[in-house]
file structure_27.csv (CSV, C-alpha atoms (C1' of nucleotides) and all ligand atoms)
chain,number,residue,atom,x,y,z
A,28,MET,CA,8.0,-65.1,132.4
A,29,ALA,CA,7.6,-68.5,130.8
A,30,PRO,CA,7.8,-69.0,127.0
A,31,MET,CA,4.5,-69.0,125.0
A,32,LYS,CA,3.3,-71.9,123.1
A,33,ASN,CA,2.1,-71.8,119.5
A,34,ALA,CA,-1.6,-71.1,119.1
A,35,SER,CA,-3.7,-74.0,118.1
A,36,PRO,CA,-5.8,-73.5,114.8
A,37,VAL,CA,-9.3,-72.5,115.5
A,38,GLY,CA,-10.6,-75.1,113.2
A,39,ASP,CA,-8.9,-77.8,115.2
A,40,ILE,CA,-10.5,-76.5,118.4
A,41,GLN,CA,-13.9,-76.4,116.8
A,42,SER,CA,-13.7,-79.9,115.4
A,43,ALA,CA,-12.4,-81.2,118.7
A,44,ILE,CA,-15.4,-79.8,120.5
A,45,ARG,CA,-17.8,-81.1,117.9
A,46,ALA,CA,-16.2,-84.5,118.0
A,47,ALA,CA,-16.9,-84.6,121.7
A,48,GLY,CA,-20.6,-84.3,120.7
A,49,ALA,CA,-21.2,-80.8,122.1
A,50,ARG,CA,-22.1,-77.4,120.7
A,51,VAL,CA,-19.4,-75.1,119.6
A,52,THR,CA,-19.7,-72.0,121.7
A,53,PRO,CA,-17.4,-69.0,122.2
A,54,ALA,CA,-16.8,-69.9,125.8
A,55,ARG,CA,-15.5,-73.4,124.9
A,56,VAL,CA,-13.5,-72.3,121.9
A,57,ARG,CA,-11.8,-69.4,123.8
A,58,ALA,CA,-11.2,-71.4,127.0
A,59,LEU,CA,-9.6,-74.3,125.1
A,60,ALA,CA,-7.6,-72.0,123.0
A,61,ALA,CA,-6.3,-70.3,126.1
A,62,LEU,CA,-5.3,-73.7,127.6
A,63,ARG,CA,-3.5,-74.8,124.4
A,64,ALA,CA,-1.6,-71.5,124.2
A,65,ALA,CA,-0.5,-71.6,127.8
A,66,SER,CA,2.9,-72.9,128.7
A,67,SER,CA,1.9,-74.1,132.2
A,68,PRO,CA,-1.3,-75.2,133.9
A,69,GLN,CA,-3.6,-72.3,134.6
A,70,THR,CA,-6.0,-71.5,137.4
A,71,HIS,CA,-9.5,-70.5,136.8
A,72,ALA,CA,-8.6,-67.0,137.8
A,73,GLU,CA,-5.7,-66.9,135.4
A,74,ILE,CA,-7.7,-68.1,132.5
A,75,GLU,CA,-10.4,-65.6,133.3
A,76,GLU,CA,-7.9,-62.8,133.3
A,77,THR,CA,-6.4,-63.9,130.0
A,78,LEU,CA,-9.9,-64.0,128.4
A,79,ALA,CA,-10.8,-60.7,129.8
A,80,GLN,CA,-8.0,-59.0,127.8
A,81,GLU,CA,-9.3,-60.4,124.6
A,82,ALA,CA,-11.7,-57.7,123.4
A,83,HIS,CA,-14.4,-60.3,123.0
A,84,PRO,CA,-17.3,-60.0,125.5
A,85,ALA,CA,-16.4,-61.3,128.9
A,86,ILE,CA,-17.3,-64.9,129.9
A,87,ASP,CA,-19.2,-65.4,133.1
A,88,ARG,CA,-17.3,-66.8,136.0
A,89,VAL,CA,-19.6,-69.7,136.5
A,90,THR,CA,-19.7,-70.5,132.8
A,91,LEU,CA,-15.9,-70.7,132.8
A,92,TYR,CA,-16.0,-73.1,135.7
A,93,ARG,CA,-18.5,-75.2,133.8
A,94,VAL,CA,-16.7,-75.0,130.5
A,95,LEU,CA,-13.4,-76.1,132.1
A,96,ASP,CA,-15.0,-79.0,133.8
A,97,TRP,CA,-16.7,-80.0,130.6
A,98,LEU,CA,-13.4,-79.9,128.8
A,99,CYS,CA,-12.1,-82.3,131.4
A,100,SER,CA,-15.1,-84.6,131.1
A,101,ALA,CA,-14.7,-84.6,127.3
A,102,GLY,CA,-11.0,-85.6,127.7
A,103,LEU,CA,-9.8,-82.3,126.2
A,104,ALA,CA,-8.2,-81.0,129.4
A,105,HIS,CA,-6.8,-82.1,132.7
A,106,LYS,CA,-7.6,-80.7,136.1
A,107,ALA,CA,-5.3,-81.0,139.1
A,108,ALA,CA,-4.8,-79.2,142.4
A,109,ASP,CA,-1.5,-77.4,142.8
A,110,ALA,CA,0.5,-76.9,146.0
A,111,ARG,CA,-1.9,-74.2,147.3
A,112,GLY,CA,-4.9,-76.5,146.8
A,113,VAL,CA,-6.1,-74.5,143.8
A,114,PHE,CA,-7.2,-76.3,140.7
A,115,ARG,CA,-5.1,-75.8,137.6
A,116,PHE,CA,-6.2,-76.8,134.1
A,117,SER,CA,-4.1,-77.9,131.2
A,118,ALA,CA,-4.8,-79.0,127.6
A,119,ALA,CA,-4.8,-82.7,127.1
A,120,GLN,CA,-2.8,-84.2,124.3
A,121,PRO,CA,-5.3,-84.7,121.5
A,122,ASN,CA,-6.2,-88.1,120.1
A,123,VAL,CA,-5.0,-89.9,123.3
A,124,GLU,CA,-7.2,-92.2,125.3
A,125,HIS,CA,-6.6,-91.4,128.9
A,126,ALA,CA,-8.6,-94.1,130.5
A,127,GLY,CA,-6.0,-96.8,130.0
A,128,HIS,CA,-3.2,-95.4,132.0
A,129,VAL,CA,-2.6,-93.5,135.3
A,130,HIS,CA,-1.7,-89.9,135.7
A,131,PHE,CA,1.0,-88.1,137.7
A,132,ARG,CA,0.1,-84.9,139.4
A,133,CYS,CA,2.8,-82.3,140.0
A,134,THR,CA,2.3,-80.8,143.5
A,135,GLY,CA,4.3,-77.8,142.4
A,136,CYS,CA,2.6,-76.6,139.3
A,137,GLY,CA,-0.5,-78.7,139.1
A,138,GLY,CA,0.6,-80.3,135.8
A,139,VAL,CA,-0.8,-83.7,134.8
A,140,PHE,CA,1.4,-86.2,133.1
A,141,CYS,CA,0.4,-89.4,131.5
A,142,LEU,CA,2.3,-92.5,132.7
A,143,LYS,CA,2.6,-95.9,131.0
A,144,SER,CA,1.3,-97.9,133.9
A,145,PRO,CA,-2.3,-99.2,133.7
A,146,PRO,CA,-4.7,-98.4,136.5
A,147,PRO,CA,-4.4,-100.8,139.5
A,148,PRO,CA,-6.9,-103.7,139.7
A,149,ALA,CA,-9.8,-103.4,142.2
A,150,PRO,CA,-8.8,-105.0,145.6
A,151,ALA,CA,-10.7,-107.9,147.0
A,152,LEU,CA,-13.4,-106.7,149.4
A,153,PRO,CA,-14.7,-108.6,152.4
A,154,ARG,CA,-18.1,-110.1,152.1
A,155,GLY,CA,-20.9,-107.5,152.2
A,156,PHE,CA,-18.9,-104.6,151.1
A,157,ARG,CA,-20.0,-102.7,148.0
A,158,LEU,CA,-17.4,-101.0,145.9
A,159,GLY,CA,-18.4,-97.5,144.8
A,160,GLY,CA,-15.3,-96.0,143.2
A,161,MET,CA,-11.6,-96.0,143.2
A,162,ALA,CA,-9.0,-93.3,142.5
A,163,LEU,CA,-5.2,-93.4,142.5
A,164,ASP,CA,-3.5,-90.2,143.3
A,165,ILE,CA,0.1,-90.2,142.3
A,166,ARG,CA,1.8,-87.0,143.2
A,167,GLY,CA,5.3,-85.6,143.2
A,168,GLU,CA,7.2,-83.0,141.3
A,169,CYS,CA,7.8,-82.7,137.5
A,170,PRO,CA,11.3,-82.1,136.2
A,171,ARG,CA,10.7,-78.4,135.8
A,172,CYS,CA,9.5,-78.0,139.4
A,173,VAL,CA,12.3,-80.3,140.7
A,174,ARG,CA,14.8,-78.0,139.1
A,175,ALA,CA,13.1,-74.8,140.3
A,176,HIS,CA,13.1,-76.2,143.9
A,177,SER,CA,16.8,-76.8,144.1
B,11,MET,CA,-14.2,-105.4,160.6
B,12,ALA,CA,-14.3,-102.2,162.7
B,13,PRO,CA,-12.6,-98.9,162.3
B,14,MET,CA,-9.1,-99.1,163.7
B,15,LYS,CA,-7.5,-97.4,166.7
B,16,ASN,CA,-3.8,-97.1,167.5
B,17,ALA,CA,-2.5,-94.5,169.9
B,18,SER,CA,0.9,-92.9,170.5
B,19,PRO,CA,2.1,-92.5,174.1
B,20,VAL,CA,1.0,-89.1,175.5
B,21,GLY,CA,4.4,-88.5,177.0
B,22,ASP,CA,6.1,-88.8,173.6
B,23,ILE,CA,3.7,-86.3,172.2
B,24,GLN,CA,4.2,-83.8,175.0
B,25,SER,CA,8.0,-84.0,174.8
B,26,ALA,CA,7.9,-83.7,171.0
B,27,ILE,CA,6.0,-80.5,171.4
B,28,ARG,CA,8.2,-79.2,174.2
B,29,ALA,CA,11.3,-80.1,172.2
B,30,ALA,CA,10.0,-77.9,169.4
B,31,GLY,CA,10.2,-75.0,171.9
B,32,ALA,CA,6.5,-74.4,172.3
B,33,ARG,CA,3.9,-74.7,175.0
B,34,VAL,CA,2.1,-78.0,175.6
B,35,THR,CA,-1.6,-77.3,175.1
B,36,PRO,CA,-4.6,-79.6,174.8
B,37,ALA,CA,-5.1,-78.6,171.2
B,38,ARG,CA,-1.6,-79.5,170.2
B,39,VAL,CA,-1.5,-82.7,172.1
B,40,ARG,CA,-4.9,-83.9,170.9
B,41,ALA,CA,-4.3,-82.9,167.2
B,42,LEU,CA,-0.9,-84.6,167.1
B,43,ALA,CA,-2.3,-87.7,168.8
B,44,ALA,CA,-5.1,-87.8,166.2
B,45,LEU,CA,-2.6,-87.5,163.3
B,46,ARG,CA,-0.5,-90.3,164.8
B,47,ALA,CA,-3.4,-92.5,165.3
B,48,ALA,CA,-4.8,-92.0,161.8
B,49,SER,CA,-4.4,-94.6,159.1
B,50,SER,CA,-4.1,-92.0,156.3
B,51,PRO,CA,-3.6,-88.2,155.9
B,52,GLN,CA,-6.6,-86.4,157.4
B,53,THR,CA,-8.3,-83.2,156.3
B,54,HIS,CA,-9.0,-80.4,158.8
B,55,ALA,CA,-12.7,-81.4,158.8
B,56,GLU,CA,-11.9,-85.1,159.5
B,57,ILE,CA,-9.6,-84.2,162.4
B,58,GLU,CA,-12.2,-81.8,163.8
B,59,GLU,CA,-14.8,-84.5,163.7
B,60,THR,CA,-12.5,-87.0,165.4
B,61,LEU,CA,-11.7,-84.6,168.2
B,62,ALA,CA,-15.3,-83.7,168.6
B,63,GLN,CA,-16.1,-87.3,169.6
B,64,GLU,CA,-13.5,-87.3,172.4
B,65,ALA,CA,-15.6,-86.0,175.3
B,66,HIS,CA,-13.0,-83.3,176.0
B,67,PRO,CA,-14.1,-79.8,175.3
B,68,ALA,CA,-14.3,-78.9,171.6
B,69,ILE,CA,-11.3,-77.2,169.9
B,70,ASP,CA,-12.1,-74.1,167.9
B,71,ARG,CA,-12.0,-74.5,164.2
B,72,VAL,CA,-9.5,-71.7,163.7
B,73,THR,CA,-7.3,-72.9,166.5
B,74,LEU,CA,-7.2,-76.3,164.8
B,75,TYR,CA,-6.1,-74.7,161.6
B,76,ARG,CA,-3.4,-72.8,163.4
B,77,VAL,CA,-2.3,-75.9,165.4
B,78,LEU,CA,-2.0,-78.0,162.3
B,79,ASP,CA,0.1,-75.4,160.6
B,80,TRP,CA,2.3,-75.0,163.6
B,81,LEU,CA,2.8,-78.8,163.7
B,82,CYS,CA,4.0,-78.5,160.2
B,83,SER,CA,6.3,-75.6,160.8
B,84,ALA,CA,7.7,-77.5,163.8
B,85,GLY,CA,8.4,-80.5,161.5
B,86,LEU,CA,6.0,-82.7,163.4
B,87,ALA,CA,3.5,-83.0,160.6
B,88,HIS,CA,3.2,-82.6,156.8
B,89,LYS,CA,0.6,-80.8,154.8
B,90,ALA,CA,-0.3,-81.5,151.2
B,91,ALA,CA,-3.2,-80.7,149.0
B,92,ASP,CA,-5.1,-83.8,147.9
B,93,ALA,CA,-6.7,-84.4,144.5
B,94,ARG,CA,-9.8,-82.4,145.5
B,95,GLY,CA,-7.7,-79.4,146.5
B,96,VAL,CA,-8.2,-79.9,150.2
B,97,PHE,CA,-5.2,-79.9,152.5
B,98,ARG,CA,-4.5,-83.2,154.3
B,99,PHE,CA,-2.2,-83.5,157.3
B,100,SER,CA,-0.1,-86.4,158.4
B,101,ALA,CA,2.2,-87.1,161.3
B,102,ALA,CA,5.9,-86.7,160.4
B,103,GLN,CA,6.5,-89.9,162.4
B,104,PRO,CA,4.2,-92.1,160.4
B,105,ASN,CA,2.0,-94.8,161.8
B,106,VAL,CA,3.6,-97.9,160.2
B,107,GLU,CA,0.7,-100.1,161.3
B,108,HIS,CA,-1.3,-99.1,158.3
B,109,ALA,CA,1.5,-98.9,155.7
B,110,GLY,CA,1.2,-102.4,154.5
B,111,HIS,CA,-2.4,-102.5,153.3
B,112,VAL,CA,-5.0,-100.3,151.7
B,113,HIS,CA,-8.1,-98.8,153.2
B,114,PHE,CA,-11.8,-98.7,152.4
B,115,ARG,CA,-13.8,-95.6,153.2
B,116,CYS,CA,-17.6,-96.0,153.6
B,117,THR,CA,-19.5,-93.2,152.0
B,118,GLY,CA,-22.4,-93.9,154.2
B,119,CYS,CA,-21.0,-93.8,157.7
B,120,GLY,CA,-17.6,-92.4,157.0
B,121,GLY,CA,-15.9,-95.4,158.6
B,122,VAL,CA,-12.4,-96.5,157.5
B,123,PHE,CA,-11.7,-100.2,157.1
B,124,CYS,CA,-8.4,-102.0,156.7
B,125,LEU,CA,-8.3,-104.3,153.7
B,126,LYS,CA,-5.9,-107.2,153.2
B,127,SER,CA,-4.6,-106.0,149.8
B,128,PRO,CA,-1.2,-104.4,149.7
B,129,PRO,CA,-0.8,-100.9,148.3
B,130,PRO,CA,-0.3,-100.9,144.5
B,131,PRO,CA,3.4,-100.8,143.4
B,132,ALA,CA,4.9,-97.4,142.6
B,133,PRO,CA,4.6,-96.8,138.8
B,134,ALA,CA,7.7,-96.2,136.7
B,135,LEU,CA,8.3,-92.5,136.3
B,136,PRO,CA,10.0,-90.8,133.3
B,137,ARG,CA,13.5,-89.4,134.0
B,138,GLY,CA,13.6,-86.3,136.1
B,139,PHE,CA,10.3,-86.9,137.9
B,140,ARG,CA,10.3,-87.1,141.7
B,141,LEU,CA,7.7,-89.3,143.4
B,142,GLY,CA,6.1,-87.6,146.4
B,143,GLY,CA,3.4,-89.9,147.5
B,144,MET,CA,0.6,-92.1,146.4
B,145,ALA,CA,-2.9,-92.5,147.7
B,146,LEU,CA,-5.4,-95.1,146.7
B,147,ASP,CA,-8.9,-94.0,147.5
B,148,ILE,CA,-11.3,-96.8,147.7
B,149,ARG,CA,-14.9,-95.8,148.3
B,150,GLY,CA,-18.1,-97.7,148.7
B,151,GLU,CA,-20.5,-98.9,151.4
B,152,CYS,CA,-19.8,-101.1,154.4
B,153,PRO,CA,-22.1,-104.1,155.1
B,154,ARG,CA,-24.2,-102.2,157.6
B,155,CYS,CA,-24.8,-99.2,155.3
B,156,VAL,CA,-25.5,-101.6,152.4
B,157,ARG,CA,-28.3,-103.2,154.5
B,158,ALA,CA,-29.6,-99.9,155.8
B,159,HIS,CA,-29.8,-98.6,152.2
B,160,SER,CA,-31.9,-101.4,150.9
C,25,DA,C1',1.8,-70.8,195.7
C,26,DT,C1',1.6,-66.5,193.4
C,27,DT,C1',2.5,-63.5,189.8
C,28,DG,C1',3.4,-61.8,185.2
C,29,DC,C1',4.7,-62.3,180.6
C,30,DG,C1',3.5,-63.4,176.0
C,31,DG,C1',2.3,-67.4,173.3
C,32,DA,C1',-2.0,-69.6,172.4
C,33,DT,C1',-6.9,-69.6,172.0
C,34,DG,C1',-11.8,-68.3,170.9
C,35,DC,C1',-14.9,-65.8,168.2
C,36,DA,C1',-16.5,-62.9,164.5
C,37,DA,C1',-15.7,-61.3,160.2
C,38,DT,C1',-13.6,-61.8,155.7
C,39,DT,C1',-11.5,-63.9,151.7
C,40,DT,C1',-10.9,-67.2,148.2
C,41,DT,C1',-12.4,-70.9,145.6
C,42,DG,C1',-15.9,-73.6,143.8
C,43,DT,C1',-21.1,-75.1,143.4
C,44,DT,C1',-26.3,-75.1,142.7
C,45,DG,C1',-30.9,-73.3,141.0
C,46,DC,C1',-33.3,-71.3,137.6
C,47,DA,C1',-34.8,-68.1,134.0
C,48,DT,C1',-33.1,-66.7,129.5
C,49,DT,C1',-30.3,-67.2,125.4
C,50,DA,C1',-28.4,-69.2,121.4
C,51,DG,C1',-26.2,-73.4,118.6
C,52,DT,C1',-27.8,-76.9,115.7
C,53,DG,C1',-30.7,-79.9,112.8
C,54,DC,C1',-34.6,-79.6,110.2
D,9,DG,C1',-36.7,-69.3,109.7
D,10,DC,C1',-38.4,-72.7,113.5
D,11,DA,C1',-38.1,-75.7,117.3
D,12,DC,C1',-35.6,-78.1,120.5
D,13,DT,C1',-32.8,-78.0,124.3
D,14,DA,C1',-27.9,-77.5,125.5
D,15,DA,C1',-25.5,-73.8,127.2
D,16,DT,C1',-25.2,-69.4,129.4
D,17,DG,C1',-25.7,-65.5,132.9
D,18,DC,C1',-26.9,-64.1,137.3
D,19,DA,C1',-27.8,-64.6,142.2
D,20,DA,C1',-27.5,-67.2,146.0
D,21,DC,C1',-25.1,-70.7,148.4
D,22,DA,C1',-21.3,-73.6,150.3
D,23,DA,C1',-16.7,-75.2,151.6
D,24,DA,C1',-12.1,-74.2,152.8
D,25,DA,C1',-9.0,-71.2,154.7
D,26,DT,C1',-7.4,-66.7,156.7
D,27,DT,C1',-7.2,-62.3,159.5
D,28,DG,C1',-7.9,-59.2,163.5
D,29,DC,C1',-8.3,-58.7,168.1
D,30,DA,C1',-9.6,-59.3,172.9
D,31,DT,C1',-9.0,-62.8,176.3
D,32,DC,C1',-6.9,-66.8,178.4
D,33,DC,C1',-3.6,-69.8,180.2
D,34,DG,C1',1.1,-72.4,180.1
D,35,DC,C1',5.1,-71.9,182.5
D,36,DA,C1',9.1,-69.8,184.2
D,37,DA,C1',10.6,-66.6,187.8
D,38,DT,C1',9.9,-65.3,192.1
E,201,MN,MN,-3.3,-89.5,130.1
E,202,MN,MN,-9.9,-74.5,148.5
E,203,ZN,ZN,5.5,-79.1,138.0
E,204,ZN,ZN,-20.8,-97.6,156.6

call {"tool": "encode", "arguments": {"input": "structure_27.csv", "output": "structure tokens", "more": "lines below"}}
Ligand SMILES: [Mn+2]
Ligand SMILES: [Mn+2]
Ligand SMILES: [Zn+2]
Ligand SMILES: [Zn+2]
result
Amino acid sequence: MAPMKNASPVGDIQSAIRAAGARVTPARVRALAALRAASSPQTHAEIEETLAQEAHPAIDRVTLYRVLDWLCSAGLAHKAADARGVFRFSAAQPNVEHAGHVHFRCTGCGGVFCLKSPPPPAPALPRGFRLGGMALDIRGECPRCVRAHS
Amino acid sequence: MAPMKNASPVGDIQSAIRAAGARVTPARVRALAALRAASSPQTHAEIEETLAQEAHPAIDRVTLYRVLDWLCSAGLAHKAADARGVFRFSAAQPNVEHAGHVHFRCTGCGGVFCLKSPPPPAPALPRGFRLGGMALDIRGECPRCVRAHS
DNA sequence: ATTGCGGATGCAATTTTGTTGCATTAGTGC
DNA sequence: GCACTAATGCAACAAAATTGCATCCGCAAT
């Protein structure tokens, strides 16, 4: 059993959601609160189970998927596949611009860590090619998973 | 600018399988050959498609899953979830031909093209982190697909 | 070369994880 | 409160991976 984090004030969560230009809904507030309270990246199933124990009405499975993806697109959370290939979500550090640096994905726990390096420049393409998109996947093990592995 | 091809001697593959104490079957030989010829870690679906174009009889989907897992347990291949949460397999004895440059994947035809640019340098990691691997995914359209699209 | 054993395969069914379409609900600005 | 439409709930779908089991075939012994 891992240690629990401090709960984030509900007001902070609501204003974070509003600042992202979206409506403040129970699903978003509760999902983000769950992520901020978690001590490690959580799968969709884990978050669903956590929210199910909360006495509030249940949140639909698909809605939770969409809320989690929205949190990521809003920069409020990170999404990364763990060793089993299952997505894990974690709360992003608030007030940080994540576009200017690359991220490290822990293949053990699915955690996402901000690095200092900037994204690599687009490579030169031969004539006629059209660049669609680029993604740098940096993976390895975080200190905690390195210790747990040895 | 055409998709690459680089084979590993069949004898090497057969003896590698035999040395692992298992039977030499078409599925194992062809799967390992495909992995060794590949320029980057391949998904199950990609390997399946590669083998399907080989004129030999098709290999069952489940058999391929089992063969790939066996190759890993025998130490002949590695398995890791990519950023999308899909498992990718790579030969343990890597194909060094493609280590020195990055690759471009056409979203139209699925072709892979070798570029001249070297892979980006490994970013500096905070203390305690262990780098596992890096993958630069460059997507877009090849000249033929660009023309066909317009 | 034949035979027999059991590892390996093929096929169907199932599970897990994640997505799409669409009608209905509810958060927000007025 | 009212209107607008983002967000939700539900059902269906899809992709990726696994399980069970009958059959097959690689290969060693004969
Ligand atoms: Mn970041
Ligand atoms: Mn999956
Ligand atoms: Zn980790
Ligand atoms: Zn193309």

call {"tool": "residues_near_ligand", "arguments": {"input": "structure_27.csv", "ligand": "ligand ZN 204 (chain E)", "cutoff": "9 Å", "atoms": "all atoms listed in the file", "output": "PyMOL selection string"}}
result
chain B and resi 115-122+150-156

call {"tool": "closest_atom_pairs", "arguments": {"input": "structure_27.csv", "of": "stretch 10-38 of chain D", "to": "stretch 84-99 of chain A", "cutoff": "12 Å", "atoms": "all atoms listed in the file", "output": "JSON lines"}}
result
{"residue": "D:DA15", "atom": "C1'", "partner": "A:Thr90", "partner_atom": "CA", "distance": 8.7}
{"residue": "D:DT16", "atom": "C1'", "partner": "A:Thr90", "partner_atom": "CA", "distance": 6.6}
{"residue": "D:DG17", "atom": "C1'", "partner": "A:Asp87", "partner_atom": "CA", "distance": 6.5}
{"residue": "D:DC18", "atom": "C1'", "partner": "A:Asp87", "partner_atom": "CA", "distance": 8.9}
{"residue": "D:DA19", "atom": "C1'", "partner": "A:Val89", "partner_atom": "CA", "distance": 11.2}

call {"tool": "write_last_selection", "arguments": {"input": "structure_27.csv", "atoms": "C-alpha atoms (C1' of nucleotides)", "output": "PDB file, in the coordinates of the input"}}
result
ATOM      1  C1'  DA D  15     -25.500 -73.800 127.200  1.00  0.00           C
ATOM      2  C1'  DT D  16     -25.200 -69.400 129.400  1.00  0.00           C
ATOM      3  C1'  DG D  17     -25.700 -65.500 132.900  1.00  0.00           C
ATOM      4  C1'  DC D  18     -26.900 -64.100 137.300  1.00  0.00           C
ATOM      5  C1'  DA D  19     -27.800 -64.600 142.200  1.00  0.00           C
TER       6       DA D  19
END

call {"tool": "atom_distance", "arguments": {"input": "structure_27.csv", "atom1": "atom CA of B:Gln63", "atom2": "atom CA of B:Arg46"}}
result
16.6 Å

call {"tool": "residues_near_point", "arguments": {"input": "structure_27.csv", "point": "(1.6, -67.8, 191.8)", "cutoff": "10 Å", "atoms": "all atoms listed in the file", "output": "number ranges by chain"}}
result
C: 25-28; D: 37-38

call {"tool": "closest_residue", "arguments": {"input": "structure_27.csv", "among": "A:Asn33, A:Ala72, A:Gly38, A:Val56", "to": "chain C", "atoms": "all atoms listed in the file"}}
result
A:Ala72

call {"tool": "residues_around", "arguments": {"input": "structure_27.csv", "residues": "stretch 37-51 of chain C", "least_positions_apart": "5", "cutoff": "9 Å", "atoms": "all atoms listed in the file", "output": "VMD selection string"}}
result
(chain A and resid 50 to 52 89 92 113 to 114) or (chain D and resid 14 to 17 20 to 28)

call {"tool": "write_last_selection", "arguments": {"input": "structure_27.csv", "atoms": "C-alpha atoms (C1' of nucleotides)", "output": "PDB file, in the coordinates of the input"}}
result
ATOM      1  CA  ARG A  50     -22.100 -77.400 120.700  1.00  0.00           C
ATOM      2  CA  VAL A  51     -19.400 -75.100 119.600  1.00  0.00           C
ATOM      3  CA  THR A  52     -19.700 -72.000 121.700  1.00  0.00           C
ATOM      4  CA  VAL A  89     -19.600 -69.700 136.500  1.00  0.00           C
ATOM      5  CA  TYR A  92     -16.000 -73.100 135.700  1.00  0.00           C
ATOM      6  CA  VAL A 113      -6.100 -74.500 143.800  1.00  0.00           C
ATOM      7  CA  PHE A 114      -7.200 -76.300 140.700  1.00  0.00           C
TER       8      PHE A 114
ATOM      9  C1'  DA D  14     -27.900 -77.500 125.500  1.00  0.00           C
ATOM     10  C1'  DA D  15     -25.500 -73.800 127.200  1.00  0.00           C
ATOM     11  C1'  DT D  16     -25.200 -69.400 129.400  1.00  0.00           C
ATOM     12  C1'  DG D  17     -25.700 -65.500 132.900  1.00  0.00           C
ATOM     13  C1'  DA D  20     -27.500 -67.200 146.000  1.00  0.00           C
ATOM     14  C1'  DC D  21     -25.100 -70.700 148.400  1.00  0.00           C
ATOM     15  C1'  DA D  22     -21.300 -73.600 150.300  1.00  0.00           C
ATOM     16  C1'  DA D  23     -16.700 -75.200 151.600  1.00  0.00           C
ATOM     17  C1'  DA D  24     -12.100 -74.200 152.800  1.00  0.00           C
ATOM     18  C1'  DA D  25      -9.000 -71.200 154.700  1.00  0.00           C
ATOM     19  C1'  DT D  26      -7.400 -66.700 156.700  1.00  0.00           C
ATOM     20  C1'  DT D  27      -7.200 -62.300 159.500  1.00  0.00           C
ATOM     21  C1'  DG D  28      -7.900 -59.200 163.500  1.00  0.00           C
TER      22       DG D  28
END

call {"tool": "closest_residue", "arguments": {"input": "structure_27.csv", "among": "B:Gly138, B:Gly143, B:Pro129, B:Pro51", "to": "ligand ZN 203 (chain E)", "atoms": "only C-alpha atoms and all ligand atoms"}}
result
B:Gly138

call {"tool": "closest_atom_pairs", "arguments": {"input": "structure_27.csv", "of": "chain B", "to": "chain A", "cutoff": "9 Å", "atoms": "only C-alpha atoms", "output": "CSV"}}
result
residue,atom,partner,partner_atom,distance
B:Met11,CA,A:Pro153,CA,8.8
B:Ala90,CA,A:Ala110,CA,7.0
B:Ala91,CA,A:Gly112,CA,5.0
B:Asp92,CA,A:Ala108,CA,7.2
B:Ala93,CA,A:Ala108,CA,5.9
B:Arg94,CA,A:Ala108,CA,6.7
B:Gly95,CA,A:Gly112,CA,4.0
B:Val96,CA,A:Gly112,CA,5.8
B:Phe97,CA,A:Gly112,CA,6.6
B:Val112,CA,A:Pro150,CA,8.6
B:Phe114,CA,A:Leu152,CA,8.7
B:Cys116,CA,A:Gly159,CA,9.0
B:Thr117,CA,A:Gly159,CA,8.5
B:Leu125,CA,A:Leu152,CA,7.1
B:Lys126,CA,A:Ala151,CA,7.9
B:Ser127,CA,A:Pro150,CA,6.0
B:Pro128,CA,A:Pro150,CA,8.7
B:Pro130,CA,A:Pro147,CA,6.5
B:Pro131,CA,A:Pro147,CA,8.7
B:Ala132,CA,A:Ile165,CA,8.7
B:Pro133,CA,A:Ser144,CA,6.0
B:Ala134,CA,A:Ser144,CA,7.2
B:Leu135,CA,A:Leu142,CA,7.0
B:Pro136,CA,A:Leu142,CA,7.9
B:Arg137,CA,A:Pro170,CA,7.9
B:Gly138,CA,A:Pro170,CA,4.8
B:Phe139,CA,A:Cys169,CA,4.9
B:Arg140,CA,A:Glu168,CA,5.2
B:Leu141,CA,A:Gly167,CA,4.4
B:Gly142,CA,A:Gly167,CA,3.9
B:Gly143,CA,A:Arg166,CA,5.4
B:Met144,CA,A:Ile165,CA,4.5
B:Ala145,CA,A:Asp164,CA,5.0
B:Leu146,CA,A:Leu163,CA,4.5
B:Asp147,CA,A:Ala162,CA,5.0
B:Ile148,CA,A:Met161,CA,4.6
B:Arg149,CA,A:Gly160,CA,5.1
B:Gly150,CA,A:Gly159,CA,3.9
B:Glu151,CA,A:Arg157,CA,5.1
B:Cys152,CA,A:Phe156,CA,4.9
B:Pro153,CA,A:Gly155,CA,4.6
B:Arg154,CA,A:Gly155,CA,8.3
B:Val156,CA,A:Arg157,CA,7.1
B:Arg157,CA,A:Gly155,CA,8.9

call {"tool": "closest_residue", "arguments": {"input": "structure_27.csv", "among": "A:Thr77, A:Ala101, A:Ala119, A:Gln69", "to": "ligand ZN 203 (chain E)", "atoms": "only C-alpha atoms and all ligand atoms"}}
result
A:Gln69

call {"tool": "closest_atom_pairs", "arguments": {"input": "structure_27.csv", "of": "chain C", "to": "chain B", "cutoff": "8 Å", "atoms": "all atoms listed in the file", "output": "JSON lines"}}
result
{"residue": "C:DG31", "atom": "C1'", "partner": "B:Arg33", "partner_atom": "CA", "distance": 7.7}
{"residue": "C:DT33", "atom": "C1'", "partner": "B:Thr73", "partner_atom": "CA", "distance": 6.4}
{"residue": "C:DG34", "atom": "C1'", "partner": "B:Asp70", "partner_atom": "CA", "distance": 6.5}

call {"tool": "closest_residue", "arguments": {"input": "structure_27.csv", "among": "B:His159, B:Asp22, B:His88, B:Arg28", "to": "chain D", "atoms": "all atoms listed in the file"}}
result
B:Arg28

call {"tool": "atom_distance", "arguments": {"input": "structure_27.csv", "atom1": "atom CA of A:Pro53", "atom2": "atom CA of A:Glu124"}}
result
25.5 Å

call {"tool": "atom_distance", "arguments": {"input": "structure_27.csv", "atom1": "atom CA of A:Gly48", "atom2": "atom C1' of C:DG53"}}
result
13.6 Å
